[in-house]
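Data block for query26.txt (compact mmCIF, C-alpha atoms):
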# COMPACT_ATOMS: atom_id res chain seq x y z
CA MET Q 1384 34.75 42.85 -13.26
CA GLU Q 1385 38.21 41.31 -13.36
CA GLU Q 1386 38.24 37.62 -14.23
CA ARG Q 1387 40.65 35.85 -11.91
CA ILE Q 1388 42.24 32.43 -12.21
CA PHE Q 1389 42.11 30.87 -8.76
CA LYS Q 1390 44.54 28.30 -7.43
CA ARG Q 1391 42.72 24.96 -7.20
CA LYS Q 1392 43.75 21.61 -5.71
CA PHE Q 1393 42.08 19.90 -8.66
CA TYR Q 1394 45.01 21.04 -10.82
CA GLU Q 1395 47.25 18.49 -9.08
CA LYS Q 1396 44.83 15.72 -10.04
CA MET Q 1397 45.05 16.85 -13.64
CA LEU Q 1398 48.84 16.79 -13.51
CA ALA Q 1399 48.72 13.24 -12.14
CA TRP Q 1400 46.39 12.20 -14.98
CA LYS Q 1401 48.75 13.65 -17.61
CA ARG Q 1402 51.83 12.13 -16.00
CA ASP Q 1403 50.43 8.67 -15.31
CA ASN Q 1404 48.27 8.11 -18.40
CA ASP Q 1405 50.35 9.64 -21.19
CA GLY Q 1406 47.33 9.96 -23.45
CA ARG Q 1407 45.94 6.46 -22.84
CA THR Q 1408 42.71 7.98 -21.49
CA ALA Q 1409 40.82 11.23 -21.92
CA LEU Q 1410 40.20 13.28 -18.80
CA MET Q 1411 36.48 13.75 -18.13
CA ILE Q 1412 35.85 16.62 -15.68
CA LYS Q 1413 32.34 16.40 -14.27
CA GLY Q 1414 30.72 18.77 -11.85
CA ALA Q 1415 27.93 21.19 -11.15
CA ARG Q 1416 27.62 24.34 -13.19
CA ARG Q 1417 30.01 27.19 -12.45
CA VAL Q 1418 32.47 25.24 -10.29
CA GLY Q 1419 35.29 26.20 -12.66
CA LYS Q 1420 35.58 23.19 -14.98
CA SER Q 1421 36.11 25.08 -18.24
CA THR Q 1422 38.42 27.63 -16.62
CA ILE Q 1423 40.76 25.06 -15.11
CA ALA Q 1424 40.77 22.96 -18.29
CA GLU Q 1425 41.92 25.93 -20.39
CA GLU Q 1426 44.43 27.10 -17.78
CA PHE Q 1427 45.89 23.58 -17.67
CA ALA Q 1428 46.11 23.48 -21.46
CA LYS Q 1429 47.92 26.84 -21.56
CA ASN Q 1430 50.44 25.81 -18.93
CA GLU Q 1431 51.10 22.15 -19.73
CA TYR Q 1432 50.99 21.93 -23.55
CA GLU Q 1433 52.56 23.69 -26.52
CA SER Q 1434 49.15 24.37 -28.07
CA TYR Q 1435 45.50 23.56 -27.52
CA ILE Q 1436 42.09 23.80 -29.13
CA LEU Q 1437 39.05 24.63 -27.02
CA VAL Q 1438 35.83 23.34 -28.59
CA ASP Q 1439 32.90 24.85 -26.69
CA PHE Q 1440 29.89 22.96 -28.02
CA THR Q 1441 27.54 25.68 -26.76
CA LYS Q 1442 29.17 28.26 -29.04
CA VAL Q 1443 30.49 26.57 -32.20
CA GLY Q 1444 28.48 26.28 -35.39
CA PRO Q 1445 26.81 23.03 -36.48
CA GLU Q 1446 29.73 22.09 -38.71
CA ILE Q 1447 31.93 21.24 -35.70
CA PRO Q 1448 29.59 18.74 -33.98
CA ALA Q 1449 28.97 17.22 -37.42
CA LEU Q 1450 32.65 16.30 -37.65
CA PHE Q 1451 32.11 13.60 -35.03
CA ASP Q 1452 29.31 11.86 -36.88
CA ASP Q 1453 31.94 9.86 -38.77
CA VAL Q 1454 35.29 9.14 -37.11
CA SER Q 1455 36.60 6.79 -39.78
CA ASN Q 1456 38.97 9.53 -41.02
CA LEU Q 1457 40.55 11.30 -38.06
CA ASP Q 1458 42.92 13.26 -40.32
CA ARG Q 1459 39.88 15.03 -41.74
CA ILE Q 1460 38.64 15.94 -38.25
CA PHE Q 1461 42.00 17.25 -37.06
CA MET Q 1462 42.54 19.27 -40.23
CA ALA Q 1463 39.10 20.84 -39.95
CA LEU Q 1464 39.62 21.76 -36.29
CA GLN Q 1465 42.97 23.38 -36.99
CA PHE Q 1466 41.52 25.44 -39.84
CA TYR Q 1467 38.44 26.45 -37.85
CA PHE Q 1468 40.32 27.54 -34.72
CA ASN Q 1469 43.51 28.68 -36.48
CA VAL Q 1470 45.69 26.57 -34.19
CA THR Q 1471 48.49 24.18 -35.11
CA LEU Q 1472 48.40 20.89 -33.22
CA THR Q 1473 51.62 19.01 -32.48
CA PRO Q 1474 51.47 15.25 -31.84
CA ARG Q 1475 51.89 14.40 -28.14
CA LYS Q 1476 52.38 18.08 -27.31
CA SER Q 1477 48.86 19.40 -27.85
CA VAL Q 1478 45.49 18.89 -26.18
CA ILE Q 1479 41.93 19.23 -27.46
CA ILE Q 1480 39.37 20.41 -24.90
CA LEU Q 1481 35.82 19.24 -25.61
CA ASP Q 1482 33.93 21.71 -23.47
CA GLU Q 1483 30.27 21.13 -22.51
CA ILE Q 1484 30.52 17.77 -24.21
CA GLN Q 1485 26.98 16.85 -23.17
CA GLU Q 1486 25.87 19.07 -26.07
CA CYS Q 1487 27.58 16.72 -28.55
CA PRO Q 1488 27.18 13.08 -27.41
CA LYS Q 1489 28.80 11.83 -30.62
CA ALA Q 1490 32.03 13.62 -29.64
CA ARG Q 1491 32.09 11.71 -26.36
CA GLN Q 1492 31.43 8.46 -28.16
CA ALA Q 1493 34.36 9.29 -30.48
CA ILE Q 1494 36.79 9.38 -27.52
CA LYS Q 1495 37.54 5.68 -27.98
CA GLU Q 1496 38.95 6.24 -31.47
CA LEU Q 1497 40.58 9.56 -30.61
CA VAL Q 1498 42.48 8.08 -27.68
CA LYS Q 1499 43.42 4.99 -29.67
CA ASP Q 1500 44.94 7.28 -32.32
CA HIS Q 1501 47.17 8.72 -29.53
CA ARG Q 1502 48.19 11.84 -31.42
CA TYR Q 1503 46.82 14.31 -28.88
CA ASP Q 1504 45.49 14.45 -25.35
CA TYR Q 1505 41.80 15.12 -24.67
CA ILE Q 1506 39.99 16.86 -21.83
CA GLU Q 1507 36.20 16.75 -21.64
CA THR Q 1508 34.03 18.90 -19.39
CA GLY Q 1509 30.35 18.49 -18.64
CA SER Q 1510 27.66 19.44 -16.14
CA LEU Q 1511 26.58 16.43 -14.06
CA ILE Q 1512 22.84 16.33 -14.74
CA SER Q 1513 23.15 17.18 -18.42
CA VAL Q 1514 25.90 14.59 -18.95
CA ARG Q 1515 23.66 11.82 -17.61
CA ARG Q 1516 20.63 13.00 -19.53
CA LYS Q 1517 22.34 13.29 -22.90
CA THR Q 1518 24.34 10.06 -22.94
CA GLN Q 1519 21.35 7.86 -23.67
CA GLY Q 1520 21.72 6.05 -26.97
CA ILE Q 1521 25.51 6.38 -27.24
CA ARG Q 1522 28.32 4.08 -26.21
CA ILE Q 1523 30.10 5.55 -23.18
CA PRO Q 1524 33.85 5.18 -23.72
CA SER Q 1525 35.86 3.23 -21.18
CA GLU Q 1526 38.93 5.23 -22.20
CA GLU Q 1527 38.09 8.03 -19.75
CA THR Q 1528 39.56 9.04 -16.44
CA ARG Q 1529 36.51 10.55 -14.73
CA LEU Q 1530 37.04 13.14 -12.02
CA THR Q 1531 34.42 15.25 -10.28
CA MET Q 1532 35.19 18.88 -9.52
CA TYR Q 1533 33.60 20.64 -6.56
CA PRO Q 1534 33.38 24.26 -5.39
CA MET Q 1535 36.34 25.79 -3.61
CA ASP Q 1536 36.99 24.39 -0.15
CA TYR Q 1537 37.93 26.62 2.77
CA GLU Q 1538 41.67 26.46 2.10
CA GLU Q 1539 41.18 27.34 -1.57
CA PHE Q 1540 38.94 30.21 -0.46
CA ARG Q 1541 41.69 31.52 1.80
CA TRP Q 1542 44.15 31.26 -1.09
CA ALA Q 1543 41.79 33.43 -3.13
CA MET Q 1544 41.81 35.96 -0.29
CA GLY Q 1545 45.61 36.08 -0.50
CA ASP Q 1546 46.12 33.97 2.64
CA GLU Q 1547 48.25 30.84 2.34
CA THR Q 1548 49.28 30.86 6.01
CA THR Q 1549 46.18 30.33 8.14
CA VAL Q 1550 45.14 26.80 7.21
CA PRO Q 1551 48.62 25.20 7.57
CA LEU Q 1552 49.01 26.94 10.95
CA LEU Q 1553 45.58 25.69 12.03
CA ALA Q 1554 46.51 22.16 11.02
CA GLN Q 1555 49.78 22.36 12.96
CA ALA Q 1556 48.04 23.80 16.01
CA PHE Q 1557 45.54 20.93 15.89
CA VAL Q 1558 48.30 18.32 15.69
CA ASP Q 1559 50.25 19.97 18.51
CA ARG Q 1560 47.08 20.56 20.59
CA HIS Q 1561 48.22 24.17 20.86
CA PRO Q 1562 45.58 26.76 21.86
CA LEU Q 1563 45.24 29.72 19.51
CA GLY Q 1564 44.24 32.40 21.97
CA ASP Q 1565 41.15 34.59 21.91
CA ALA Q 1566 42.31 37.14 19.33
CA ALA Q 1567 43.40 34.53 16.79
CA HIS Q 1568 40.24 32.52 17.43
CA ARG Q 1569 38.02 35.53 16.77
CA LYS Q 1570 39.83 36.31 13.50
CA ILE Q 1571 39.59 32.71 12.30
CA MET Q 1572 35.87 32.57 13.10
CA ARG Q 1573 35.32 35.82 11.16
CA ASP Q 1574 37.14 34.32 8.18
CA LEU Q 1575 35.08 31.14 8.41
CA ARG Q 1576 31.81 33.08 8.57
CA LEU Q 1577 32.88 35.01 5.48
CA TYR Q 1578 33.42 31.71 3.64
CA MET Q 1579 29.97 30.55 4.74
CA LEU Q 1580 28.44 33.75 3.37
CA VAL Q 1581 30.35 33.93 0.08
CA GLY Q 1582 30.56 30.20 -0.64
CA GLY Q 1583 33.01 28.36 -2.83
CA MET Q 1584 31.75 29.11 -6.32
CA PRO Q 1585 34.55 30.95 -8.19
CA GLN Q 1586 32.07 33.43 -9.63
CA THR Q 1587 30.78 34.47 -6.20
CA VAL Q 1588 34.34 34.69 -4.83
CA ASN Q 1589 35.27 36.87 -7.80
CA THR Q 1590 32.27 39.13 -7.13
CA TYR Q 1591 33.27 39.52 -3.49
CA LEU Q 1592 36.88 40.38 -4.35
CA ASP Q 1593 35.71 42.97 -6.87
CA THR Q 1594 33.00 44.61 -4.77
CA GLN Q 1595 33.29 43.56 -1.09
CA ASN Q 1596 29.49 43.69 -1.30
CA LEU Q 1597 27.63 40.69 0.10
CA SER Q 1598 24.36 41.79 -1.49
CA LEU Q 1599 25.97 41.51 -4.92
CA VAL Q 1600 27.48 38.17 -3.90
CA ASP Q 1601 24.00 36.97 -2.97
CA ALA Q 1602 22.67 38.11 -6.36
CA THR Q 1603 25.43 36.15 -8.09
CA LYS Q 1604 24.52 33.04 -6.10
CA ARG Q 1605 20.87 33.44 -7.08
CA GLU Q 1606 21.86 33.59 -10.75
CA ILE Q 1607 23.72 30.29 -10.37
CA LEU Q 1608 20.79 28.72 -8.54
CA GLY Q 1609 18.58 29.84 -11.42
CA LEU Q 1610 20.73 27.79 -13.77
CA TYR Q 1611 20.26 24.77 -11.51
CA ASP Q 1612 16.50 25.29 -11.57
CA GLU Q 1613 16.61 25.24 -15.37
CA ASP Q 1614 18.58 21.97 -15.31
CA PHE Q 1615 16.12 20.35 -12.92
CA TYR Q 1616 13.19 21.56 -14.96
CA LYS Q 1617 14.58 19.67 -17.95
CA ARG Q 1618 14.29 16.42 -15.98
CA PRO Q 1619 10.64 15.39 -16.39
CA PHE Q 1620 10.66 12.83 -13.57
CA LEU Q 1621 11.66 15.49 -11.03
CA ARG Q 1622 8.60 17.60 -11.78
CA SER Q 1623 6.29 14.87 -10.51
CA LEU Q 1624 8.49 13.67 -7.64
CA PRO Q 1625 6.32 13.55 -4.47
CA GLY Q 1626 7.59 15.54 -1.53
CA THR Q 1627 10.42 17.20 -3.47
CA HIS Q 1628 11.77 20.35 -1.86
CA ILE Q 1629 12.95 21.78 -5.17
CA ASP Q 1630 10.99 24.88 -6.10
CA ILE Q 1631 10.12 24.22 -9.73
CA ARG Q 1632 7.27 26.27 -11.13
CA LEU Q 1633 5.62 24.76 -14.15
CA PRO Q 1634 3.81 26.83 -16.80
CA ARG Q 1635 0.00 26.68 -16.63

Have the structure of the file written as structure tokens, please.
Amino acid sequence: MEERIFKRKFYEKMLAWKRDNDGRTALMIKGARRVGKSTIAEEFAKNEYESYILVDFTKVGPEIPALFDDVSNLDRIFMALQFYFNVTLTPRKSVIILDEIQECPKARQAIKELVKDHRYDYIETGSLISVRRKTQGIRIPSEETRLTMYPMDYEEFRWAMGDETTVPLLAQAFVDRHPLGDAAHRKIMRDLRLYMLVGGMPQTVNTYLDTQNLSLVDATKREILGLYDEDFYKRPFLRSLPGTHIDIRLPR
């Protein structure tokens, strides 16, 4: 399947962070799994900086997380990252993305020193539940601008469908109290029902665009829900929560 980069409103928030903070804070992008955090972070890095390094803590070897055990010599860390990823970093023109940072709490704790150094910009991404669970025992940096990313809203969904006209026209019709007429109303309701069926997860939208098959879209949604089940299962207190509606099956 073709991997698409969807237009997201969140990008404007990232631009505002870069413009207004000038490296004084790291950008922490929180959100549920598969809402597009890693994708938008890398797309932003490609478009807005001369170079970038993407450190995915779920994929790198143990030598990379170990770099953040001691941040007394930042030159050593930056040199090692550039060698490992074969990327040249330029002061104030490069960004380091710390992807899935919940897998390396020491890297998040190091943000204070990294930001203070001010050589590069930093973007962190992390899944909401895992971020909370894995920050115990570390000092959470105050040098973060924390933003939460959500699934695609209806307007973003229409953009993905190649339609940048409908939502502005709807907004104008609402302001003007102008009736749409039966034909336009039926089309808009069909579009809205499609959004309700497909949802706003980029992966499910991508599946729909590739296949036009709602059964495959449903299978993609179930895969994502399976990831959420795994996250909840890792939270011991949720297993014994009385009256919970979450379907968590424990091993016998």

Distance criterion (all atoms listed in the file): nearest to Q:Lys1604 out of Q:Arg1417, Q:Ala1566, Q:Ile1423, Q:Ser1525: Q:Arg1417

Using atom CA of Q:Gln1586 and atom CA of Q:Arg1387 as the two end points, give the distance in Å to one decimal.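 So the answer is 9.2 Å.
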
Write out as a list in words each polymer residue whose atoms come within 8 Å of Q:Ile1479, counting all atoms listed in the file; drop sequence neighbours fewer than 5 positions from it. Tyr1435, Ile1436, Leu1437, Val1438, Tyr1503, Asp1504, Tyr1505 and Ile1506 of chain Q

Output C-alpha atoms of each residue in that selection to a file, as a short mmCIF file (atom, residue, chain, number, x, y, z; two decimals), keeping the file's coordinate frame.
data_model
loop_
_atom_site.label_atom_id
_atom_site.label_comp_id
_atom_site.auth_asym_id
_atom_site.auth_seq_id
_atom_site.Cartn_x
_atom_site.Cartn_y
_atom_site.Cartn_z
CA TYR Q 1435 45.50 23.56 -27.52
CA ILE Q 1436 42.09 23.80 -29.13
CA LEU Q 1437 39.05 24.63 -27.02
CA VAL Q 1438 35.83 23.34 -28.59
CA TYR Q 1503 46.82 14.31 -28.88
CA ASP Q 1504 45.49 14.45 -25.35
CA TYR Q 1505 41.80 15.12 -24.67
CA ILE Q 1506 39.99 16.86 -21.83
#

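Rounded to one decimal, atom CA of Q:Gln1465 and atom CA of Q:Trp1400 lie 24.9 Å from each other.
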
Within 12 Å of (36.4, 19.1, -39.7) (coordinates as in the file), grab all the protein and nucleic acid residues, counting only C-alpha atoms, and write them out as JSON, numbers by chain. {"Q": [1438, 1444, 1445, 1446, 1447, 1448, 1449, 1450, 1451, 1452, 1453, 1454, 1456, 1457, 1458, 1459, 1460, 1461, 1462, 1463, 1464, 1465, 1466, 1467, 1468]}

Looking at all atoms listed in the file, which of Q:Leu1577, Q:Ile1523, Q:Ile1607, Q:Leu1530 is the one that sits closest to Q:Pro1488?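 Of Q:Leu1577, Q:Ile1523, Q:Ile1607, Q:Leu1530, the one nearest Q:Pro1488, counting all atoms listed in the file, is Q:Ile1523.
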
List every protein, DNA or RNA residue with an atom no more than 12 Å from (46.8, 7.8, -31.6) in the file's coordinates, counting only C-alpha atoms, and format the result as a list in words.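 Selection result: Asp1405, Gly1406, Arg1407, Thr1408, Ala1409, Leu1457, Asp1458, Phe1461, Pro1474, Arg1475, Ile1494, Lys1495, Glu1496, Leu1497, Val1498, Lys1499, Asp1500, His1501, Arg1502, Tyr1503, Asp1504 and Tyr1505 of chain Q.
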
Keeping C-alpha atoms for every residue in the selection just given, could you write it to a file as a compact mmCIF listing (two decimals), in the coordinates of the input?
# COMPACT_ATOMS: atom_id res chain seq x y z
CA ASP Q 1405 50.35 9.64 -21.19
CA GLY Q 1406 47.33 9.96 -23.45
CA ARG Q 1407 45.94 6.46 -22.84
CA THR Q 1408 42.71 7.98 -21.49
CA ALA Q 1409 40.82 11.23 -21.92
CA LEU Q 1457 40.55 11.30 -38.06
CA ASP Q 1458 42.92 13.26 -40.32
CA PHE Q 1461 42.00 17.25 -37.06
CA PRO Q 1474 51.47 15.25 -31.84
CA ARG Q 1475 51.89 14.40 -28.14
CA ILE Q 1494 36.79 9.38 -27.52
CA LYS Q 1495 37.54 5.68 -27.98
CA GLU Q 1496 38.95 6.24 -31.47
CA LEU Q 1497 40.58 9.56 -30.61
CA VAL Q 1498 42.48 8.08 -27.68
CA LYS Q 1499 43.42 4.99 -29.67
CA ASP Q 1500 44.94 7.28 -32.32
CA HIS Q 1501 47.17 8.72 -29.53
CA ARG Q 1502 48.19 11.84 -31.42
CA TYR Q 1503 46.82 14.31 -28.88
CA ASP Q 1504 45.49 14.45 -25.35
CA TYR Q 1505 41.80 15.12 -24.67

Shell around Q:Tyr1591 at 10 Å using all atoms listed in the file, local window under 3 positions removed, as number ranges by chain: Q: 1544, 1581, 1585-1588, 1594-1601, 1603

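For the pair atom CA of Q:Arg1491 and atom CA of Q:Glu1386, the interatomic distance is 29.3 Å.
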
Residue nearest Q:Arg1529 - candidates Q:Arg1541, Q:Lys1396, Q:Lys1413, Q:Lys1420, atoms counted: all atoms listed in the file: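 Nearest candidate to Q:Arg1529 out of Q:Arg1541, Q:Lys1396, Q:Lys1413, Q:Lys1420: Q:Lys1413.
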
Can you tell me, as a PyMOL selection string, what residues are no more than 10 Å from Q:Ile1388 when counting only C-alpha atoms, ignoring any on the same chain fewer than 4 positions away? chain Q and resi 1419+1422-1423+1426+1543+1585+1589

Please provide the set of residues having any atom within 12 Å of Q:Leu1553, restricted to all atoms listed in the file, with same-chain residues fewer than 6 positions apart removed, written as an MDAnalysis selection string. chainID Q and resid 1538 1547 1559:1563 1567:1568 1571:1572

Restricted to C-alpha atoms, what would the selected residues look like written as a PDB file, keeping the file's coordinate frame?
ATOM      1  CA  GLU Q1538      41.670  26.460   2.100  1.00  0.00           C
ATOM      2  CA  GLU Q1547      48.250  30.840   2.340  1.00  0.00           C
ATOM      3  CA  ASP Q1559      50.250  19.970  18.510  1.00  0.00           C
ATOM      4  CA  ARG Q1560      47.080  20.560  20.590  1.00  0.00           C
ATOM      5  CA  HIS Q1561      48.220  24.170  20.860  1.00  0.00           C
ATOM      6  CA  PRO Q1562      45.580  26.760  21.860  1.00  0.00           C
ATOM      7  CA  LEU Q1563      45.240  29.720  19.510  1.00  0.00           C
ATOM      8  CA  ALA Q1567      43.400  34.530  16.790  1.00  0.00           C
ATOM      9  CA  HIS Q1568      40.240  32.520  17.430  1.00  0.00           C
ATOM     10  CA  ILE Q1571      39.590  32.710  12.300  1.00  0.00           C
ATOM     11  CA  MET Q1572      35.870  32.570  13.100  1.00  0.00           C
TER      12      MET Q1572
END

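Candidate residues Q:Val1418, Q:Ala1554, Q:Leu1472, Q:Met1535 were compared for distance to Q:Gly1582, and the nearest is Q:Met1535, using only C-alpha atoms.
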
Write out as a PyMOL selection string each polymer residue whose atoms come within 9 Å of Q:Lys1390, counting only C-alpha atoms; drop sequence neighbours fewer than 3 positions from it. chain Q and resi 1393-1394+1539+1542-1543
